[in-house]
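**Q** Just so it is clear, I am handing over my_file02.cif, which has mmCIF, C-alpha atoms and all ligand atoms.
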```
data_start
#
loop_
_atom_site.label_atom_id
_atom_site.label_comp_id
_atom_site.auth_asym_id
_atom_site.auth_seq_id
_atom_site.Cartn_x
_atom_site.Cartn_y
_atom_site.Cartn_z
CA MET G 1 41.14 -82.92 87.26
CA LYS G 2 38.41 -80.68 88.62
CA ILE G 3 39.55 -77.09 88.05
CA LEU G 4 37.93 -73.84 89.18
CA HIS G 5 38.71 -71.18 86.56
CA VAL G 6 38.03 -67.57 87.59
CA GLY G 7 38.00 -65.00 84.76
CA ALA G 8 36.98 -67.58 82.20
CA THR G 9 35.42 -65.18 79.69
CA GLY G 10 38.36 -62.82 79.09
CA HIS G 11 40.90 -62.53 76.30
CA VAL G 12 43.27 -64.66 78.37
CA GLY G 13 40.56 -66.75 80.00
CA GLU G 14 39.00 -68.04 76.77
CA PRO G 15 42.10 -69.76 75.34
CA VAL G 16 43.17 -70.92 78.80
CA GLY G 17 39.79 -72.58 79.40
CA ALA G 18 39.93 -74.14 75.93
CA ALA G 19 43.42 -75.54 76.55
CA LEU G 20 42.38 -77.04 79.89
CA ARG G 21 39.24 -78.61 78.40
CA GLU G 22 41.26 -79.98 75.50
CA ARG G 23 43.30 -81.87 78.09
CA GLY G 24 40.11 -83.48 79.36
CA HIS G 25 39.80 -81.52 82.60
CA ASP G 26 36.48 -80.75 84.25
CA VAL G 27 36.62 -76.94 84.19
CA VAL G 28 34.19 -75.05 86.42
CA SER G 29 34.04 -71.47 85.12
CA ALA G 30 33.37 -68.31 87.13
CA HIS G 31 33.58 -64.61 86.41
CA ARG G 32 32.12 -61.34 87.62
CA SER G 33 28.99 -61.25 85.43
CA SER G 34 28.44 -65.02 85.29
CA ALA G 35 24.83 -66.14 85.57
CA ASP G 36 25.79 -69.48 87.19
CA ARG G 37 28.83 -68.66 89.30
CA PRO G 38 29.22 -64.90 89.75
CA VAL G 39 32.19 -63.73 91.82
CA ASP G 40 33.83 -60.41 92.55
CA ILE G 41 37.41 -61.19 93.53
CA THR G 42 37.78 -57.77 95.19
CA ASP G 43 35.29 -58.94 97.86
CA PRO G 44 36.46 -61.75 100.19
CA GLU G 45 32.84 -62.66 101.02
CA SER G 46 32.08 -63.11 97.34
CA VAL G 47 35.15 -65.37 97.02
CA ARG G 48 33.90 -67.38 100.01
CA ALA G 49 30.44 -67.71 98.43
CA LEU G 50 32.02 -69.01 95.22
CA TYR G 51 34.05 -71.66 97.05
CA ASP G 52 30.97 -72.66 99.06
CA THR G 53 29.02 -73.07 95.80
CA VAL G 54 31.72 -75.09 94.06
CA GLY G 55 32.57 -77.11 97.16
CA PRO G 56 35.73 -78.87 98.33
CA GLY G 57 37.70 -81.47 96.39
CA LEU G 58 39.13 -79.16 93.72
CA ASP G 59 42.40 -80.25 92.12
CA ALA G 60 43.36 -76.79 90.89
CA VAL G 61 42.36 -73.14 90.81
CA VAL G 62 43.27 -71.04 87.76
CA VAL G 63 42.82 -67.26 87.84
CA THR G 64 42.81 -65.09 84.72
CA ALA G 65 40.94 -62.18 86.31
CA GLY G 66 41.96 -58.86 87.80
CA THR G 67 42.17 -55.33 86.50
CA THR G 68 44.52 -52.37 86.92
CA PRO G 69 43.85 -48.77 85.91
CA TYR G 70 46.02 -47.21 83.18
CA ALA G 71 46.82 -43.49 83.44
CA PRO G 72 49.81 -41.12 83.25
CA TRP G 73 51.98 -41.21 86.37
CA ASP G 74 50.88 -37.77 87.64
CA GLU G 75 47.23 -38.82 87.46
CA ILE G 76 47.82 -41.90 89.60
CA GLY G 77 46.91 -41.39 93.24
CA ARG G 78 46.30 -43.74 96.16
CA GLU G 79 42.85 -44.50 94.81
CA GLN G 80 44.16 -45.91 91.52
CA LEU G 81 46.97 -47.80 93.25
CA LEU G 82 44.51 -49.29 95.73
CA ALA G 83 42.11 -50.23 92.91
CA GLY G 84 44.81 -52.17 91.08
CA LEU G 85 46.16 -53.82 94.21
CA THR G 86 42.67 -54.70 95.47
CA SER G 87 41.62 -56.31 92.21
CA LYS G 88 44.56 -57.98 90.50
CA PHE G 89 46.83 -58.56 93.53
CA LEU G 90 44.61 -59.05 96.57
CA GLY G 91 41.83 -60.64 94.49
CA GLN G 92 44.11 -63.42 93.30
CA VAL G 93 45.79 -63.74 96.70
CA GLU G 94 42.35 -64.13 98.33
CA LEU G 95 41.53 -67.00 95.97
CA VAL G 96 44.68 -68.76 97.24
CA ARG G 97 44.19 -67.83 100.91
CA GLN G 98 40.66 -69.22 101.01
CA GLY G 99 41.31 -71.85 98.36
CA VAL G 100 43.59 -73.94 100.55
CA GLY G 101 40.44 -75.05 102.37
CA PHE G 102 38.81 -76.26 99.14
CA VAL G 103 41.70 -77.65 97.09
CA ARG G 104 42.94 -81.13 97.90
CA GLU G 105 46.48 -81.38 99.27
CA GLY G 106 48.91 -81.66 96.37
CA GLY G 107 46.66 -79.44 94.24
CA SER G 108 47.70 -76.20 92.57
CA PHE G 109 46.94 -72.52 92.09
CA THR G 110 47.88 -70.70 88.89
CA LEU G 111 47.72 -66.90 88.88
CA THR G 112 48.21 -64.25 86.19
CA SER G 113 50.62 -61.30 86.20
CA GLY G 114 51.99 -59.87 82.91
CA ILE G 115 54.91 -58.35 81.06
CA LEU G 116 54.54 -54.80 82.38
CA GLY G 117 56.41 -55.50 85.62
CA ARG G 118 59.61 -56.12 83.65
CA GLU G 119 58.95 -54.05 80.50
CA PRO G 120 57.47 -50.73 81.66
CA VAL G 121 55.20 -48.68 79.40
CA ARG G 122 53.67 -45.20 79.69
CA THR G 123 50.49 -45.23 81.82
CA GLY G 124 51.37 -48.71 83.13
CA SER G 125 52.83 -47.93 86.57
CA VAL G 126 49.98 -49.56 88.51
CA ALA G 127 50.09 -52.69 86.34
CA ALA G 128 53.89 -52.80 86.79
CA ALA G 129 53.57 -52.56 90.58
CA VAL G 130 50.88 -55.22 90.78
CA ASN G 131 52.64 -57.66 88.44
CA GLY G 132 55.86 -57.22 90.42
CA ALA G 133 54.00 -57.85 93.66
CA LEU G 134 52.49 -61.07 92.30
CA GLU G 135 55.82 -62.30 90.99
CA GLY G 136 57.32 -61.74 94.44
CA TRP G 137 54.41 -63.20 96.37
CA VAL G 138 54.09 -66.43 94.40
CA PRO G 139 57.61 -67.87 94.95
CA ALA G 140 57.56 -66.83 98.62
CA THR G 141 54.16 -68.41 99.20
CA ALA G 142 55.09 -71.52 97.23
CA GLY G 143 57.99 -72.01 99.61
CA GLU G 144 55.72 -71.89 102.64
CA LEU G 145 53.16 -74.19 101.03
CA TRP G 146 55.83 -76.60 99.78
CA GLY G 147 54.68 -80.21 99.86
CA ARG G 148 51.03 -79.23 100.43
CA PHE G 149 49.99 -76.99 97.54
CA ARG G 150 51.70 -75.72 94.38
CA VAL G 151 51.50 -72.07 93.30
CA ASN G 152 52.69 -70.58 89.99
CA VAL G 153 52.09 -67.39 88.01
CA VAL G 154 51.95 -66.85 84.25
CA SER G 155 53.58 -63.61 83.08
CA THR G 156 52.82 -63.09 79.42
CA THR G 157 53.33 -60.38 76.84
CA VAL G 158 50.26 -59.08 75.05
CA LEU G 159 48.13 -61.77 73.40
CA THR G 160 47.72 -61.68 69.63
CA GLU G 161 43.97 -61.58 70.28
CA SER G 162 44.38 -58.44 72.48
CA ARG G 163 46.91 -56.60 70.34
CA ALA G 164 44.43 -54.11 68.92
CA ALA G 165 43.12 -53.19 72.38
CA TYR G 166 46.65 -52.52 73.70
CA SER G 167 48.14 -50.96 70.53
CA SER G 168 48.41 -47.45 71.98
CA VAL G 169 49.89 -48.65 75.30
CA MET G 170 52.26 -51.29 73.89
CA PRO G 171 53.28 -50.13 70.40
CA GLY G 172 55.52 -52.61 68.62
CA TYR G 173 55.50 -55.15 71.42
CA PRO G 174 55.82 -58.79 70.43
CA ALA G 175 52.61 -60.77 70.89
CA VAL G 176 51.94 -64.40 71.73
CA ASP G 177 49.01 -66.50 70.59
CA GLY G 178 46.41 -67.38 73.20
CA SER G 179 46.90 -71.06 72.41
CA GLU G 180 50.55 -70.82 73.56
CA VAL G 181 49.50 -68.99 76.69
CA GLY G 182 46.95 -71.70 77.40
CA LEU G 183 49.72 -74.28 77.41
CA ALA G 184 51.56 -72.44 80.20
CA TYR G 185 48.51 -72.86 82.42
CA VAL G 186 48.25 -76.54 81.42
CA ARG G 187 51.89 -76.97 82.44
CA SER G 188 51.31 -75.29 85.78
CA VAL G 189 48.27 -77.47 86.51
CA GLU G 190 49.70 -80.81 85.38
CA SER G 191 53.41 -80.55 86.26
CA MET G 192 55.17 -80.77 89.62
CA ASP G 193 56.30 -77.11 89.32
CA SER G 194 55.81 -74.68 92.19
CA GLY G 195 57.00 -71.13 92.79
CA ARG G 196 57.50 -70.61 89.07
CA VAL G 197 57.01 -67.40 87.12
CA TYR G 198 56.35 -68.60 83.56
CA VAL G 199 57.52 -65.84 81.21
CA LEU G 200 56.05 -65.78 77.69
N1 LIG G 301 45.07 -59.61 77.33
C1 LIG G 301 46.39 -59.63 77.35
O1 LIG G 301 47.04 -59.53 76.29
C2 LIG G 301 47.11 -59.80 78.64
C3 LIG G 301 48.50 -59.97 78.64
C4 LIG G 301 49.16 -60.15 79.85
C5 LIG G 301 48.46 -60.17 81.04
N2 LIG G 301 47.10 -60.00 81.01
C6 LIG G 301 46.39 -60.01 82.30
O2 LIG G 301 45.45 -61.07 82.27
C7 LIG G 301 44.32 -60.72 83.08
C8 LIG G 301 43.07 -60.87 82.23
O3 LIG G 301 43.18 -59.98 81.13
P1 LIG G 301 42.14 -60.05 79.91
O4 LIG G 301 42.73 -59.26 78.80
O5 LIG G 301 41.71 -61.44 79.67
O6 LIG G 301 40.92 -59.22 80.55
P2 LIG G 301 39.41 -59.22 80.08
O7 LIG G 301 39.30 -59.65 78.64
O8 LIG G 301 38.84 -57.92 80.49
O9 LIG G 301 38.73 -60.39 80.97
C9 LIG G 301 38.78 -60.35 82.35
C10 LIG G 301 38.08 -61.57 82.93
O10 LIG G 301 38.14 -61.47 84.35
C11 LIG G 301 36.82 -61.28 84.87
N3 LIG G 301 36.90 -60.28 85.94
C12 LIG G 301 37.37 -59.02 85.88
N4 LIG G 301 37.31 -58.43 87.08
C13 LIG G 301 36.78 -59.36 87.93
C14 LIG G 301 36.44 -59.36 89.31
N5 LIG G 301 36.63 -58.27 90.08
N6 LIG G 301 35.95 -60.49 89.85
C15 LIG G 301 35.74 -61.59 89.08
N7 LIG G 301 36.03 -61.65 87.77
C16 LIG G 301 36.53 -60.53 87.20
C17 LIG G 301 35.96 -60.84 83.71
O11 LIG G 301 34.62 -61.19 83.96
P3 LIG G 301 33.42 -60.24 83.49
O12 LIG G 301 33.57 -60.12 82.01
O13 LIG G 301 32.20 -60.96 83.91
O14 LIG G 301 33.63 -58.92 84.19
C18 LIG G 301 36.60 -61.65 82.58
O15 LIG G 301 36.17 -63.00 82.65
C19 LIG G 301 44.56 -59.27 83.55
O16 LIG G 301 45.09 -59.29 84.84
C20 LIG G 301 45.59 -58.75 82.56
O17 LIG G 301 46.41 -57.74 83.12
C21 LIG G 301 46.42 -59.82 79.86
#
```
Now, as a test, write the supplied structure out as structure tokens.
Ligand SMILES: NC(=O)c1ccc[n+]([C@@H]2O[C@H](COP(=O)([O-])OP(=O)(O)OC[C@H]3O[C@@H](n4cnc5c(N)ncnc54)[C@H](OP(=O)(O)O)[C@@H]3O)[C@@H](O)[C@H]2O)c1

**A**
Amino acid sequence: MKILHVGATGHVGEPVGAALRERGHDVVSAHRSSADRPVDITDPESVRALYDTVGPGLDAVVVTAGTTPYAPWDEIGREQLLAGLTSKFLGQVELVRQGVGFVREGGSFTLTSGILGREPVRTGSVAAAVNGALEGWVPATAGELWGRFRVNVVSTTVLTESRAAYSSVMPGYPAVDGSEVGLAYVRSVESMDSGRVYVL
């Protein structure tokens, strides 16, 4: 399959891209600072430019990009909430909204949320809100796109590879290896699933 992978260079993106390539897929990588296919998912025009560059006929779009600010609750204002929603929620939603014009019918979209919507941590209220929004939006959208496009979201705990970076925010949390996480994206791309929230 020809797969557009946005966020290919991250802690999640690296093992996901490796897992997809291992399955023999033609993975077209994009990320914010890419020399070949730069994209800023917070900007709908940048998303449009990426799709125009890659062209129609995609079988799947996989997104492992999107950021949320971390800060104590009383330091979170509209600005921080909007930043998280604009990047991780609306950025991924925009890749689906525009992507339906570039993905063949029957193709799929796989998005990324995370554990913090169901297991709250200090400083993680924006991430919790955004992950919850994604995990509500995906099943609802999958229902409306039923029979035309599939949409799933992967909601993972911290990756083993990221444990050190998140140790102060998620002390003692169980971790999962990136290779396992990669398989969830493979399942989403290759199965007939839609509207699923894959919890790892
Ligand atoms: N790491 C974990 O353990 C973990 C666990 C659960 C969920 N998640 C979620 O998974 C997602 C990725 O996390 P990560 O740890 O892999 O992050 P990361 O290592 O910082 O990588 C993020 C990736 O997304 C790209 N990116 C970031 N903002 C972008 C934008 N506005 N437009 C286009 N590309 C953008 C980055 O490209 P550049 O490098 O070029 O900026 C990079 O390829 C996040 O939403 C995170 O909440 C992560």

**Q** How many Å lie between atom CA of G:Ala19 and atom CA of G:Ser179, rounded to one decimal?

**A**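 Here the two named atoms are 7.0 Å from each other.
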
**Q** Would you give the centre and edge lengths, in Å to one decimal, of a box along x, y and z around the listed atoms of ligand LIG 301 (chain G), with 4 Å added to each side, as AutoDock Vina command-line options?

**A**
```
--center_x 40.7 --center_y -60.4 --center_z 83.2 --size_x 25.0 --size_y 13.3 --size_z 21.8
```

**Q** Would you kindly return, as an NGL selection string, each protein, DNA or RNA residue with an atom no farther than 12 Å from any atom of G:Met170, considering all atoms listed in the file and excluding same-chain residues fewer than 4 positions away?

**A** :G and (70 or 115-116 or 119-124 or 157-159 or 162-166 or 174-175)

**Q** Any idea what's packed within 10 Å of G:Asp59, counting only C-alpha atoms, ignoring anything in its chain fewer than 6 positions away? Could you give it as a PyMOL selection string?

**A** chain G and resi 1-4+25-26+102-109+149+189-190

**Q** As a VMD selection string, please: every protein or nucleic acid residue near ligand LIG 301 (chain G) (cut-off 6 Å, counting only C-alpha atoms and all ligand atoms).

**A** chain G and resid 7 to 13 31 to 34 39 to 42 64 to 67 87 to 88 112 to 114 156 to 159 162

**Q** Of the residues G:Ala83, G:Val16, G:Val100, G:Ala133, which is the one nearest to G:Arg148, using only C-alpha atoms?

**A** G:Val100

**Q** So which one's closest to G:Glu144, G:Val63, G:Gly55, G:Glu79, G:Gly195? Using all atoms listed in the file, please.

**A**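 Of the candidates, the smallest distance to G:Glu144 is held by G:Gly195.
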
**Q** Which of these, G:Gly99, G:Gly178, G:Gly77, G:Pro72, has the shortest distance to G:Leu58 once you count only C-alpha atoms?

**A**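 For G:Leu58, the nearest of the candidates is G:Gly99.
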
**Q** Which value, in Å to one decimal, gives the distance between atom CA of G:Arg21 and atom CA of G:Ser191?

**A**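 So the answer is 16.3 Å.
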
**Q** Just the number, please: distance in Å from atom CA of G:Gly17 to atom CA of G:Glu161, one decimal.

**A**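 Interatomic distance here is 14.9 Å.
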
**Q** Save stretch 162-189 of chain G to a file: N, CA, C and O atoms, as a compact mmCIF listing (two decimals), in the first residue's frame.

**A**
```
# COMPACT_ATOMS: atom_id res chain seq x y z
N SER G 162 10.57 6.53 25.23
CA SER G 162 10.30 7.90 25.68
C SER G 162 10.25 8.00 27.21
O SER G 162 10.00 9.08 27.74
N ARG G 163 10.47 6.89 27.89
CA ARG G 163 10.25 6.86 29.33
C ARG G 163 11.06 7.94 30.06
O ARG G 163 10.54 8.61 30.95
N ALA G 164 12.31 8.08 29.67
CA ALA G 164 13.16 9.05 30.36
C ALA G 164 12.60 10.46 30.21
O ALA G 164 12.55 11.24 31.18
N ALA G 165 12.12 10.79 29.01
CA ALA G 165 11.62 12.14 28.75
C ALA G 165 10.36 12.45 29.57
O ALA G 165 10.10 13.59 29.92
N TYR G 166 9.57 11.41 29.86
CA TYR G 166 8.30 11.62 30.57
C TYR G 166 8.38 11.20 32.05
O TYR G 166 7.36 11.14 32.72
N SER G 167 9.59 10.92 32.56
CA SER G 167 9.68 10.33 33.90
C SER G 167 9.13 11.24 34.99
O SER G 167 8.56 10.77 35.97
N SER G 168 9.24 12.55 34.83
CA SER G 168 8.71 13.44 35.89
C SER G 168 7.20 13.58 35.78
O SER G 168 6.51 13.77 36.78
N VAL G 169 6.66 13.46 34.58
CA VAL G 169 5.20 13.62 34.37
C VAL G 169 4.46 12.31 34.66
O VAL G 169 3.35 12.32 35.19
N MET G 170 5.09 11.19 34.33
CA MET G 170 4.41 9.89 34.43
C MET G 170 5.24 8.92 35.27
O MET G 170 5.64 7.86 34.80
N PRO G 171 5.47 9.25 36.55
CA PRO G 171 6.32 8.39 37.37
C PRO G 171 5.66 7.03 37.60
O PRO G 171 4.48 6.96 37.98
N GLY G 172 6.40 5.97 37.35
CA GLY G 172 5.90 4.63 37.64
C GLY G 172 4.90 4.09 36.63
O GLY G 172 4.35 3.00 36.83
N TYR G 173 4.65 4.81 35.57
CA TYR G 173 3.69 4.32 34.58
C TYR G 173 4.27 3.14 33.81
O TYR G 173 5.46 3.12 33.50
N PRO G 174 3.43 2.17 33.48
CA PRO G 174 3.92 1.09 32.62
C PRO G 174 4.27 1.65 31.24
O PRO G 174 3.64 2.62 30.79
N ALA G 175 5.24 1.05 30.61
CA ALA G 175 5.64 1.48 29.26
C ALA G 175 5.42 0.34 28.27
O ALA G 175 5.26 -0.82 28.66
N VAL G 176 5.38 0.70 27.01
CA VAL G 176 5.23 -0.31 25.95
C VAL G 176 6.30 -0.05 24.90
O VAL G 176 6.62 1.11 24.61
N ASP G 177 6.85 -1.13 24.37
CA ASP G 177 7.91 -0.98 23.37
C ASP G 177 7.35 -0.40 22.06
O ASP G 177 6.23 -0.74 21.65
N GLY G 178 8.14 0.43 21.42
CA GLY G 178 7.73 1.01 20.15
C GLY G 178 7.35 -0.04 19.11
O GLY G 178 6.43 0.19 18.30
N SER G 179 8.00 -1.19 19.17
CA SER G 179 7.69 -2.22 18.17
C SER G 179 6.26 -2.72 18.34
O SER G 179 5.57 -3.01 17.35
N GLU G 180 5.78 -2.79 19.59
CA GLU G 180 4.38 -3.19 19.83
C GLU G 180 3.43 -2.11 19.34
O GLU G 180 2.38 -2.40 18.75
N VAL G 181 3.79 -0.88 19.59
CA VAL G 181 2.96 0.24 19.16
C VAL G 181 2.86 0.25 17.63
O VAL G 181 1.78 0.44 17.06
N GLY G 182 3.99 -0.02 16.98
CA GLY G 182 4.00 -0.07 15.52
C GLY G 182 2.98 -1.06 14.98
O GLY G 182 2.31 -0.80 13.98
N LEU G 183 2.84 -2.18 15.68
CA LEU G 183 1.90 -3.21 15.20
C LEU G 183 0.45 -2.74 15.26
O LEU G 183 -0.38 -3.16 14.45
N ALA G 184 0.13 -1.86 16.21
CA ALA G 184 -1.25 -1.34 16.28
C ALA G 184 -1.58 -0.52 15.03
O ALA G 184 -2.69 -0.59 14.49
N TYR G 185 -0.59 0.21 14.54
CA TYR G 185 -0.79 1.00 13.31
C TYR G 185 -0.89 0.07 12.10
O TYR G 185 -1.69 0.31 11.18
N VAL G 186 -0.07 -1.00 12.09
CA VAL G 186 -0.17 -1.99 11.01
C VAL G 186 -1.58 -2.58 11.00
O VAL G 186 -2.21 -2.71 9.94
N ARG G 187 -2.08 -2.92 12.17
CA ARG G 187 -3.43 -3.51 12.26
C ARG G 187 -4.47 -2.53 11.71
O ARG G 187 -5.35 -2.92 10.92
N SER G 188 -4.36 -1.27 12.10
CA SER G 188 -5.33 -0.29 11.63
C SER G 188 -5.29 -0.17 10.11
O SER G 188 -6.34 -0.12 9.45
N VAL G 189 -4.09 -0.17 9.55
CA VAL G 189 -3.94 0.02 8.10
C VAL G 189 -4.42 -1.21 7.33
O VAL G 189 -5.08 -1.09 6.30
```
